[in-house]
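What follows is a short report on a single structure.
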Amino acid sequence: MRTFSIIMKVLSGSLILAFLCATGGYLYFSSNLPELTSLSVYQPPLVSRVYNTDGELLAEYADEHRILTPFDDIPEQLRNAFLAAEDQQFYEHPGINPARIVSAALANLRAGHTVQGGSTITQQVAKNFLLTSEKKLSRKIREAILSYRIEQALSKNDILYLYLNHIYLGRGSYGVTSAAWRYFGKRLDELTLSECAMLAGLPKAPSKYAPHLNPELAKKRRDTVLYLMERSHYGNPEEIQVALREPITVAPLPDNRLKDAYGNEIHRQLVERFGLQTLRKQGLTIIVPYQIKAEEDAIHAVREGLLDVERRQHYRHPKQYPPEEWEPLLEGWAALQIDEYTMLQRDEIMPALVEDVQADGSLMVNDGKRQWLLSHPKWRWEPFPDDLPEDTKRRPLTWMAGDEIILRGDGKGGVKLTQMPSIESALYSINLDRGTVVARVGGFNFKFGDFDRVSQANRQPGSAFKPLLYATALERGLTPATIVMDTPVVFDRQSTDNFWRPENYKNRFAGPVTLRDALEHSRNLASIKLLQNIGISTFTDKLRDFPFNRDFPKQLALALGATEVTPEQLAEAYVILASGGLQWKPVSIQQVQDRNGRSLHRSVAGHRCQVCHVDPVLSVDEGMRPARRILETESSFLITNMMKGVIARGTGRRARALKRPAAGKTGTTNKQVDAWFIGYTPQILTSVWTGRDVPSPMGRRETGSRAALPTWLSFMKKVHRGREIRDFIPPEGIEWVAIDRKTGKLAGPDTRAPLLEAFKQGSAPTDVADTEHKTVDENGDFFDSNL
């Protein structure tokens with residue numbers, strides 16, 4: 001009896017001690033536990049997504065690719081798959097499952113290493129949200145206490161919602177919605193039972209069981225999950241048998257479809273406005289006017305145009321390989337090509353090796369997978385530079401076996417010789433109806449973060465600057481029929497031996513000409529006289545209204561575009577000419593919403609923004625500013641009508657192949673360093689610049705008409721497919737009068753080919769031409785000028 005009493009006392013003391021230790025341990029480990037507020041207000045990092053106005057997903061920006069999904073939108077079979085794989089008693093335990101912990105411990109003890117986890121879904125939520133992943137007993141105790149608290153604070157569905165949205169599932173995906181998209185390219189409601197089971201098998205080891213990395217292991221793990229679903233009654237046995245037979249098909253990750261400088265500019269604007277962290281973590285929804293086909297057409301036009309210009313450059317000395325290096329070189333090229341041959345397009349290039357030069361000069365070349373015979377290519381070779389080693393200079397100026405060359409597609413299934421472009425180009429296109437950017441190409445092979453020549457290349461515009469001068473003159477009361485002298489002139493630069501003697505192309509002079517004729521044929525001397533006439537200060541003051549964001553030097557050379565602008569600035573200056581004299585900023589980003597659908601930014605071009613004009617106070621930022629009038633409506637129409645003549649009769653004649661009304665202007669700087677063509681229809685305006693990054697001559701005939709206009713034409717033909725043919729509509733206050741195109745006077749009975757000219761009401765000439773004149777385009781020289 002005494003012994004029994006002693007035993008009872010010992011047991012009672014042990015129980016009290018255990019209770020005290022447990023209580024003390026609980027108080028100790030729970031004293032500094034984190035609060036559960038992060039669970040009740042769940043704001044995880046989300047992916048930001050960019051869509052076009054057609055609803056096509058274009059790009060995603062994320063540190064953690066997560067798409068937050070309400071519990072009720074997660075299919076039951078997907079929830080069941082995770083419960084079967086991770087926590088079959090989830091809806092029964094209070095946060096921890098002692099039986100599962102003991103079972104996992106015994107299994108791990110038998111295996112000698114960790115083969116089974118004992119954590120419940122609630123414990124995983126506690127660890128992932130509130131604790132670290134350190135493997136210590138103290139962390140497990142804190143995790144258990146937190147799990148119990150979580151169960152008291154949240155419903156089971158809320159806990160499962162947190163788990164399924166937060167868990168990392170491999171391939172850069174966080175949460176089940178992201179995983180469904182990045183593994184299968186599907187929404188949750190499109191997943192099959194097999195796919196649900198595969199996703200549910202990933203938490204154990206995402207990299208190990210990822211189907212794109214280890215398809216066999218992924219299949220075994222999926223099958224295990226399906227068996228667990230059947231055994232735990234979380235799935236229909238017949239459906240599970242069907243799912244077991246289903247092959248696992250992984251979709252490729254979606255490409256970033258925001259191409260070239262357009263995509264780069266959208267990203268730049270988003271980062272500038274919202275910050276990189278917000279863009280990559282706050283789940284923004286971004287709407288842009290980007291059209292995939294239009295941007296691709298612009299890229300092709302620029303690349304093809306540059307390869308055509310490059311064909312007229314000197315051929316640069318190729319790299320030579322000795323025979324022992326041929327095999328590894330060809331194997332490396334072959335590894336970069338897809339197995340099935342696809343025809344190279346005219347703007348696509350690839351390297352090849354000259355294996356043999358035949359007696360007639362034809363080249364047998366190898367691209368790593370195919371041999372091609374190039375029939376006796378002809379090309380002017382670059383002279384040897386003085387600093388080349390003498391042994392290099394001894395090679396003949398022709399191709400040799402072992403030369404590395406570049407091939408381009410010929411558009412017919414074959415190839416032809418080319419070389420990497422030494423010249424660059426930029427294209428910027430604007431939808432004048434919608435006020436949005438159509439296309440933006442920054443160079444031949446533009447990559448994200450590269451030098452964007454559209455906005456960063458400051459180059460001389462040459463004669464492409466002249467329409468701004470002529471528009472200013474029209475504002476000052478001159479007319480398209482005003483006579484200006486195209487005659488030689490010499491300006492003293494305040495030095496006894498330093499004179500500026502501006503010249504026309506090919507040093508030809510036309511004498512007295514109309515403003516229209518001077519612009520159509522890009523007459524330099526007439527433009528300088530025009531600037532003298534209206535006054536340099538008048539012009540430079542007017543230029544402050546155009547979107548250049550700078551002051552220009554007060555010099556007569558400004559009439560010839562002897563200043564620097566970017567292709568973006570000049571194109572947006574032309575927008576004023578094309579839009580009835582209104583200035584507005586083309587839109588690249590139309591709307592941005594936060595994760596809750598609240599609008600953070602909205603942008604509408606000023607000429608289309610009805611709210612802006614009704615109540616400018618509602619214009620929340622520069623994206624909603626009303627258009628600003630820079631030119632009279634009549635003046636903008638007159639300059640547009642004159643620029644139609646540039647295409648109809650002047651230096652832009654090649655653009656007539658567009659076969660629809662268009663206005664435009666060529667531009668070429670001294671020694672053909674820069675070449676431009678900017679032109680527009682009533683619907684689309686496009687600017688093209690071509691030149692070297694380090695300014696230097698491109699060649700004697702590489703004028704705006706030859707080096708830039710073909711790229712413009714190629715793109716404009718494609719972007720106008722399916723669009724109605726429209727002409728420029730004259731505003732009220734315009735009258736039409738037939739004039740003698742040589743004298744600018746009213747057409748008389750002897751006038752040959754009179755011109756129907758537009759004038760502001762009351763400004764038409766009153767004198768009648770009394771002498772027959774030869775029309776200015778009869779000698780054919782003007783088309784050759786190509787300026």
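In the structure tokens, chains take letters A, B, ... by order of appearance, with residues numbered from 1 within each chain and ligands from 1 in the order shown.
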All residues 10 Å or closer to Leu228 in chain A, only C-alpha atoms, same chain fewer than 6 positions away omitted, as an MDAnalysis selection string: chainID A and resid 81 83:86 88 197 222 234:235
Residues of range 600-709 of chain A classed as strand (DSSP E or B) by DSSP on the backbone are to be reported as a PyMOL selection string.
chain A and resi 600-602+628-629+663-668+674-680+684-691
Write the residues of the preceding selection, restricted to N, CA and C atoms, as a PDB file, in the first residue's frame.
```
ATOM      1  N   LEU A 600      -5.378  52.980 -62.613  1.00  0.00           N
ATOM      2  CA  LEU A 600      -4.252  53.791 -62.159  1.00  0.00           C
ATOM      3  C   LEU A 600      -3.794  54.786 -63.211  1.00  0.00           C
ATOM      4  N   HIS A 601      -4.058  54.463 -64.457  1.00  0.00           N
ATOM      5  CA  HIS A 601      -3.578  55.325 -65.546  1.00  0.00           C
ATOM      6  C   HIS A 601      -4.466  55.089 -66.752  1.00  0.00           C
ATOM      7  N   ARG A 602      -4.778  56.177 -67.427  1.00  0.00           N
ATOM      8  CA  ARG A 602      -5.535  56.085 -68.666  1.00  0.00           C
ATOM      9  C   ARG A 602      -4.993  57.127 -69.620  1.00  0.00           C
ATOM     10  N   ARG A 628      -3.279  70.487 -78.623  1.00  0.00           N
ATOM     11  CA  ARG A 628      -2.948  71.918 -78.634  1.00  0.00           C
ATOM     12  C   ARG A 628      -2.779  72.373 -80.079  1.00  0.00           C
ATOM     13  N   ARG A 629      -3.413  73.496 -80.408  1.00  0.00           N
ATOM     14  CA  ARG A 629      -3.300  73.977 -81.791  1.00  0.00           C
ATOM     15  C   ARG A 629      -1.967  74.672 -82.001  1.00  0.00           C
ATOM     16  N   ALA A 663       1.185  61.955 -98.447  1.00  0.00           N
ATOM     17  CA  ALA A 663       2.062  63.124 -98.424  1.00  0.00           C
ATOM     18  C   ALA A 663       3.358  62.715 -97.735  1.00  0.00           C
ATOM     19  N   GLY A 664       4.465  63.307 -98.153  1.00  0.00           N
ATOM     20  CA  GLY A 664       5.725  62.914 -97.520  1.00  0.00           C
ATOM     21  C   GLY A 664       6.868  63.799 -97.934  1.00  0.00           C
ATOM     22  N   LYS A 665       8.023  63.539 -97.310  1.00  0.00           N
ATOM     23  CA  LYS A 665       9.220  64.301 -97.631  1.00  0.00           C
ATOM     24  C   LYS A 665      10.458  63.446 -97.415  1.00  0.00           C
ATOM     25  N   THR A 666      11.356  63.520 -98.391  1.00  0.00           N
ATOM     26  CA  THR A 666      12.665  62.888 -98.265  1.00  0.00           C
ATOM     27  C   THR A 666      13.599  63.800 -97.483  1.00  0.00           C
ATOM     28  N   GLY A 667      14.680  63.228 -97.009  1.00  0.00           N
ATOM     29  CA  GLY A 667      15.715  64.001 -96.342  1.00  0.00           C
ATOM     30  C   GLY A 667      17.057  63.322 -96.503  1.00  0.00           C
ATOM     31  N   THR A 668      18.059  64.091 -96.905  1.00  0.00           N
ATOM     32  CA  THR A 668      19.419  63.556 -97.063  1.00  0.00           C
ATOM     33  C   THR A 668      20.391  64.613 -96.570  1.00  0.00           C
ATOM     34  N   ASP A 674      22.998  60.709 -93.483  1.00  0.00           N
ATOM     35  CA  ASP A 674      21.678  60.337 -92.966  1.00  0.00           C
ATOM     36  C   ASP A 674      20.676  60.380 -94.105  1.00  0.00           C
ATOM     37  N   ALA A 675      19.774  59.401 -94.103  1.00  0.00           N
ATOM     38  CA  ALA A 675      18.707  59.358 -95.106  1.00  0.00           C
ATOM     39  C   ALA A 675      17.371  59.194 -94.385  1.00  0.00           C
ATOM     40  N   TRP A 676      16.373  59.972 -94.831  1.00  0.00           N
ATOM     41  CA  TRP A 676      15.069  59.968 -94.191  1.00  0.00           C
ATOM     42  C   TRP A 676      13.955  59.862 -95.218  1.00  0.00           C
ATOM     43  N   PHE A 677      12.847  59.278 -94.787  1.00  0.00           N
ATOM     44  CA  PHE A 677      11.584  59.517 -95.470  1.00  0.00           C
ATOM     45  C   PHE A 677      10.481  59.468 -94.426  1.00  0.00           C
ATOM     46  N   ILE A 678       9.700  60.542 -94.401  1.00  0.00           N
ATOM     47  CA  ILE A 678       8.553  60.620 -93.502  1.00  0.00           C
ATOM     48  C   ILE A 678       7.339  60.917 -94.367  1.00  0.00           C
ATOM     49  N   GLY A 679       6.351  60.065 -94.251  1.00  0.00           N
ATOM     50  CA  GLY A 679       5.159  60.253 -95.073  1.00  0.00           C
ATOM     51  C   GLY A 679       3.924  59.736 -94.368  1.00  0.00           C
ATOM     52  N   TYR A 680       2.759  60.189 -94.846  1.00  0.00           N
ATOM     53  CA  TYR A 680       1.520  59.793 -94.196  1.00  0.00           C
ATOM     54  C   TYR A 680       0.366  59.777 -95.173  1.00  0.00           C
ATOM     55  N   ILE A 684      -2.370  56.695 -91.504  1.00  0.00           N
ATOM     56  CA  ILE A 684      -1.117  56.236 -90.884  1.00  0.00           C
ATOM     57  C   ILE A 684       0.026  57.174 -91.253  1.00  0.00           C
ATOM     58  N   LEU A 685       0.844  57.544 -90.254  1.00  0.00           N
ATOM     59  CA  LEU A 685       2.084  58.294 -90.483  1.00  0.00           C
ATOM     60  C   LEU A 685       3.261  57.402 -90.111  1.00  0.00           C
ATOM     61  N   THR A 686       4.280  57.361 -90.959  1.00  0.00           N
ATOM     62  CA  THR A 686       5.455  56.533 -90.688  1.00  0.00           C
ATOM     63  C   THR A 686       6.723  57.304 -91.016  1.00  0.00           C
ATOM     64  N   SER A 687       7.684  57.202 -90.122  1.00  0.00           N
ATOM     65  CA  SER A 687       8.991  57.843 -90.291  1.00  0.00           C
ATOM     66  C   SER A 687      10.061  56.773 -90.351  1.00  0.00           C
ATOM     67  N   VAL A 688      10.992  56.925 -91.291  1.00  0.00           N
ATOM     68  CA  VAL A 688      12.123  55.997 -91.407  1.00  0.00           C
ATOM     69  C   VAL A 688      13.414  56.795 -91.498  1.00  0.00           C
ATOM     70  N   TRP A 689      14.368  56.446 -90.651  1.00  0.00           N
ATOM     71  CA  TRP A 689      15.728  57.003 -90.725  1.00  0.00           C
ATOM     72  C   TRP A 689      16.700  55.869 -91.011  1.00  0.00           C
ATOM     73  N   THR A 690      17.711  56.146 -91.824  1.00  0.00           N
ATOM     74  CA  THR A 690      18.759  55.177 -92.119  1.00  0.00           C
ATOM     75  C   THR A 690      20.112  55.872 -92.055  1.00  0.00           C
ATOM     76  N   GLY A 691      21.074  55.240 -91.440  1.00  0.00           N
ATOM     77  CA  GLY A 691      22.424  55.799 -91.326  1.00  0.00           C
ATOM     78  C   GLY A 691      23.291  54.924 -90.434  1.00  0.00           C
TER      79      GLY A 691
END
```
One decimal place gives the CA of Asn97 in chain A-CA of Glu230 in chain A separation as 21.3 Å
Checklist entry - Distance CA of Glu324 in chain A-CA of Glu355 in chain A, one decimal place? => result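 Result for CA of Glu324 in chain A versus CA of Glu355 in chain A: 12.4 Å, one decimal.
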Given only C-alpha atoms, how would the per-residue table for range 350-409 of chain A near range 293-310 of chain A read, listing every residue at most 12 Å away with its closest atom pair and distance in Å to one decimal, sorted by chain and number, as CSV?
```
residue,atom,partner,partner_atom,distance
A:Trp379,CA,A:Glu310,CA,10.7
A:Arg380,CA,A:Glu310,CA,11.3
A:Ile406,CA,A:Leu307,CA,11.0
A:Leu407,CA,A:Leu307,CA,10.6
A:Arg408,CA,A:Leu307,CA,8.5
A:Gly409,CA,A:Glu304,CA,10.0
```
Create the file for the chosen residues now, containing C-alpha atoms and written as a short mmCIF file (atom, residue, chain, number, x, y, z; two decimals), in the first residue's frame.
```
data_model
loop_
_atom_site.label_atom_id
_atom_site.label_comp_id
_atom_site.auth_asym_id
_atom_site.auth_seq_id
_atom_site.Cartn_x
_atom_site.Cartn_y
_atom_site.Cartn_z
CA TRP A 379 30.42 42.62 -105.08
CA ARG A 380 32.74 45.62 -104.80
CA ILE A 406 26.52 35.48 -94.40
CA LEU A 407 23.52 34.22 -96.37
CA ARG A 408 20.04 35.73 -96.60
CA GLY A 409 16.85 34.24 -97.96
#
```
| In terms of the shortest atom-to-atom distance over only C-alpha atoms, which of A:Val288, A:Glu382, A:Leu417, A:Asp693 is closest to Pro351 in chain A? |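 Using only C-alpha atoms, Pro351 in chain A sits closest to A:Leu417.
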If you count only C-alpha atoms, which residues fall within 7 Å of range 727-731 of chain A, apart from same-chain ones fewer than 5 positions away, as a PDB file with N, CA and C atoms, in the first residue's frame?
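Wrote it out as out-v2.pdb, contents follow:
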```
ATOM      1  N   THR A 633      -5.685  75.359 -89.292  1.00  0.00           N
ATOM      2  CA  THR A 633      -6.162  74.178 -90.016  1.00  0.00           C
ATOM      3  C   THR A 633      -5.861  74.313 -91.512  1.00  0.00           C
ATOM      4  N   GLU A 634      -6.057  75.520 -92.057  1.00  0.00           N
ATOM      5  CA  GLU A 634      -5.827  75.728 -93.485  1.00  0.00           C
ATOM      6  C   GLU A 634      -4.349  75.555 -93.827  1.00  0.00           C
ATOM      7  N   PHE A 637      -3.388  71.913 -93.957  1.00  0.00           N
ATOM      8  CA  PHE A 637      -3.860  71.266 -95.180  1.00  0.00           C
ATOM      9  C   PHE A 637      -2.996  71.660 -96.368  1.00  0.00           C
ATOM     10  N   PRO A 661      -3.625  58.117-101.902  1.00  0.00           N
ATOM     11  CA  PRO A 661      -3.160  59.463-101.569  1.00  0.00           C
ATOM     12  C   PRO A 661      -2.225  59.448-100.363  1.00  0.00           C
ATOM     13  N   PRO A 682      -4.117  59.668 -94.794  1.00  0.00           N
ATOM     14  CA  PRO A 682      -5.032  60.165 -93.765  1.00  0.00           C
ATOM     15  C   PRO A 682      -5.132  59.263 -92.545  1.00  0.00           C
TER      16      PRO A 682
END
```
